[in-house]
>>> print(open('target.txt').read())   # compact mmCIF, C-alpha atoms
# COMPACT_ATOMS: atom_id res chain seq x y z
CA MET A 1 14.14 -6.83 14.74
CA TYR A 2 10.37 -6.68 14.59
CA LYS A 3 8.00 -8.97 16.47
CA THR A 4 4.73 -10.67 15.55
CA GLY A 5 1.94 -8.11 15.77
CA ASP A 6 4.14 -5.10 14.96
CA LYS A 7 2.82 -2.67 12.36
CA VAL A 8 5.12 -1.73 9.49
CA ARG A 9 4.77 0.17 6.26
CA ILE A 10 6.22 -1.15 3.01
CA GLN A 11 8.78 1.17 1.40
CA PRO A 12 7.16 3.90 -0.73
CA ARG A 13 6.91 3.57 -4.51
CA GLU A 14 9.59 6.27 -4.90
CA TRP A 15 12.06 3.99 -3.08
CA TYR A 16 11.35 1.17 -5.52
CA GLU A 17 11.51 3.41 -8.58
CA LYS A 18 14.83 5.00 -7.55
CA SER A 19 16.55 1.78 -6.37
CA LEU A 20 19.06 -0.13 -8.48
CA LYS A 21 17.30 -3.16 -9.99
CA ASN A 22 18.50 -6.39 -11.56
CA THR A 23 17.32 -7.44 -15.06
CA ALA A 24 14.09 -8.88 -13.58
CA GLY A 25 13.23 -5.54 -11.93
CA SER A 26 14.06 -6.72 -8.39
CA VAL A 27 15.82 -4.70 -5.69
CA GLN A 28 18.22 -6.35 -3.23
CA ALA A 29 16.81 -5.56 0.23
CA GLY A 30 18.80 -7.36 2.89
CA ALA A 31 18.48 -11.14 2.85
CA ASP A 32 16.03 -11.24 -0.05
CA LEU A 33 14.84 -9.49 -3.20
CA PHE A 34 12.00 -6.96 -3.37
CA THR A 35 10.41 -8.08 -6.65
CA LYS A 36 8.43 -6.20 -9.24
CA LYS A 37 5.32 -8.15 -8.12
CA MET A 38 5.87 -6.90 -4.55
CA SER A 39 5.86 -3.28 -5.72
CA VAL A 40 2.02 -3.28 -5.70
CA PHE A 41 2.34 -3.24 -1.88
CA CYS A 42 4.49 -0.08 -1.80
CA GLY A 43 3.31 2.38 0.84
CA ARG A 44 0.83 -0.07 2.39
CA GLU A 45 0.58 -0.68 6.12
CA ALA A 46 1.07 -4.31 7.18
CA THR A 47 1.03 -6.44 10.32
CA ILE A 48 3.81 -8.93 10.93
CA ILE A 49 2.28 -12.39 11.35
CA SER A 50 5.49 -14.46 11.64
CA CYS A 51 9.25 -14.16 11.65
CA ALA A 52 11.92 -16.68 10.61
CA ARG A 53 15.53 -16.11 11.63
CA THR A 54 18.11 -16.87 8.96
CA GLU A 55 21.88 -16.42 8.78
CA GLU A 56 21.33 -13.42 6.50
CA GLY A 57 18.76 -11.84 8.81
CA PRO A 58 15.08 -12.15 9.74
CA LEU A 59 12.44 -12.92 7.11
CA TYR A 60 8.86 -11.86 7.79
CA SER A 61 5.38 -12.90 6.70
CA LEU A 62 2.86 -10.07 6.53
CA ASN A 63 -0.85 -9.46 6.58
CA ILE A 64 -1.76 -6.53 4.38
CA LYS A 65 -5.44 -5.75 4.75
CA GLY A 66 -7.41 -7.04 1.77
CA MET A 67 -4.36 -8.25 -0.17
CA ASN A 68 -2.80 -11.67 -0.67
CA THR A 69 0.84 -11.66 0.44
CA SER A 70 1.34 -15.43 0.58
CA GLY A 71 4.46 -16.54 -1.26
CA PHE A 72 6.37 -13.34 -0.46
CA ARG A 73 9.20 -13.10 2.07
CA TRP A 74 9.84 -9.69 3.56
CA THR A 75 13.01 -8.21 5.08
CA GLU A 76 13.53 -5.14 7.26
CA GLY A 77 15.04 -3.34 4.26
CA MET A 78 11.62 -3.55 2.59
CA PHE A 79 9.98 -1.60 5.44
CA ASP A 80 9.85 2.20 5.61
CA PRO A 81 12.25 3.07 8.47
CA HIS A 82 10.50 6.41 9.04
CA TYR A 83 7.09 4.85 9.70
CA HIS A 84 5.78 5.03 13.25
CA ASN A 85 2.32 3.64 13.90
CA LEU A 86 1.32 5.90 16.78
CA SER A 87 -2.25 4.59 16.83
CA ALA A 88 -1.08 1.08 17.78
CA GLY A 89 1.77 1.99 20.09
CA VAL A 90 4.94 3.96 20.59
CA ARG A 91 8.11 2.76 18.89
CA SER A 92 10.69 1.67 21.42
CA GLN A 93 14.43 2.31 21.24
CA THR A 94 14.92 -1.23 19.88
CA GLY A 95 12.49 -0.68 17.01
CA GLY A 96 9.54 -2.72 18.32
CA LEU A 97 6.17 -1.28 19.26
CA LYS A 98 5.12 -0.85 22.88
CA PRO A 99 1.39 -1.09 23.63
CA MET A 100 -0.20 2.32 24.04
CA PRO A 101 -1.17 2.85 27.70
CA THR A 102 -4.75 3.65 28.58
CA SER A 103 -4.18 5.58 31.80
CA GLU A 104 -4.62 9.31 31.16
CA ASP A 105 -1.60 10.20 33.35
CA THR A 106 0.66 7.66 31.62
CA LEU A 107 -0.59 8.75 28.20
CA ASN A 108 0.14 12.39 29.02
CA GLY A 109 3.68 11.42 30.10
CA ILE A 110 4.27 9.63 26.80
CA MET A 111 2.85 12.59 24.88
CA GLU A 112 5.30 14.90 26.67
CA SER A 113 8.16 12.55 25.70
CA ILE A 114 7.03 12.42 22.06
CA ASN A 115 6.58 16.20 22.07
CA LYS A 116 10.16 16.70 23.33
CA HIS A 117 11.50 14.34 20.65
CA PHE A 118 9.62 16.13 17.88
CA ARG A 119 10.66 19.54 19.19
CA ARG A 120 14.32 18.42 18.91
CA SER A 121 13.74 17.07 15.40
CA PHE A 122 11.35 19.64 13.94
CA THR A 123 10.31 23.24 14.28
CA VAL A 124 6.53 23.18 14.62
CA VAL A 125 4.53 26.22 13.55
CA ASP A 126 1.11 26.58 15.18
CA GLY A 127 1.16 22.89 15.96
CA VAL A 128 0.65 20.62 18.92
CA LEU A 129 0.84 16.97 19.78
CA SER A 130 -2.42 16.02 21.44
CA VAL A 131 -4.62 13.07 22.34
CA ASP A 132 -7.74 12.09 20.43
CA PRO A 133 -10.48 12.26 23.12
CA VAL A 134 -12.50 9.40 21.60
CA ASN A 135 -9.94 6.62 21.13
CA LYS A 136 -7.12 8.06 23.31
CA THR A 137 -4.49 7.87 20.53
CA PRO A 138 -1.78 10.47 19.91
CA ILE A 139 -2.40 12.85 17.04
CA ILE A 140 -0.14 15.44 15.49
CA LYS A 141 -1.61 18.73 14.35
CA GLY A 142 0.30 21.56 12.75
CA ASN A 143 2.77 22.38 10.04
CA LEU A 144 6.33 21.12 10.18
CA LEU A 145 8.60 23.95 9.11
CA THR A 146 12.13 22.51 9.14
CA ILE A 147 13.85 19.26 9.90
CA LYS A 148 16.77 19.77 12.29
CA ASN A 149 17.90 16.14 12.61
CA LEU A 150 17.15 13.13 10.47
CA HIS A 151 17.99 9.77 11.99
CA VAL A 152 18.18 7.10 9.30
>>> encode(input="target.txt", output="structure tokens")
Amino acid sequence: MYKTGDKVRIQPREWYEKSLKNTAGSVQAGADLFTKKMSVFCGREATIISCARTEEGPLYSLNIKGMNTSGFRWTEGMFDPHYHNLSAGVRSQTGGLKPMPTSEDTLNGIMESINKHFRRSFTVVDGVLSVDPVNKTPIIKGNLLTIKNLHV
């Protein structure tokens, strides 16, 4: 479950186009429908501004920069599960975002952890995980050659 302030990305357009739709063009995504009107938000980054717990699962309200999302209810199935907003934090094991530390030693430790994870998941050719010297955020440079494991 996500928390207020977490960054998410709406499922990509390809997800919407390939998904089974009802006669109105809506896709069942957990506790609610992803409607044709919502498809304009596909691929956009959003910030969770509130969460309501229901019997069917959590429903979220989002802030998508420069776009009106009032009137839409969002479910976790509408979010891209592969999205990790490394500039805002590091995704925890439970799926929430942890604040990115500012201490150089702590940041280097997290970068080593991320590097180990990516090395298990990908073969990187001429690539490194490094830290942007200006804003101290993790950046990935390089070409990903093969995916060894895909956790969905």
>>> atom_distance(input="target.txt", atom1="CA of Met78 in chain A", atom2="CA of Ala52 in chain A")
15.4 Å
>>> residues_around(input="target.txt", residues="Ile64 in chain A", least_positions_apart="3", cutoff="12 Å", atoms="all atoms listed in the file", output="PyMOL selection string")
chain A and resi 7-10+38+40-49+61+67-70+72
>>> atom_distance(input="target.txt", atom1="CA of Trp74 in chain A", atom2="CA of Leu62 in chain A")
7.6 Å
>>> atom_distance(input="target.txt", atom1="CA of Gly25 in chain A", atom2="CA of Lys3 in chain A")
29.1 Å
>>> residues_around(input="target.txt", residues="Pro81 in chain A", least_positions_apart="2", cutoff="9 Å", atoms="only C-alpha atoms", output="list of chain:residue names")
A:Val8, A:Arg9, A:Gln11, A:Glu76, A:Gly77, A:Met78, A:Phe79, A:Tyr83, A:His84, A:Val152
>>> residues_near_point(input="target.txt", point="(16.8, -8.3, -9.3)", cutoff="10 Å", atoms="all atoms listed in the file", output="MDAnalysis selection string")
chainID A and resid 20:29 32:36
>>> closest_residue(input="target.txt", among="A:Thr75, A:Ser50, A:Asn63, A:Ser39", to="Glu17 in chain A", atoms="all atoms listed in the file")
A:Ser39
>>> residues_around(input="target.txt", residues="Thr54 in chain A", least_positions_apart="2", cutoff="12 Å", atoms="only C-alpha atoms", output="ChimeraX atom specification")
/A:30-32,51-52,56-60,73,75
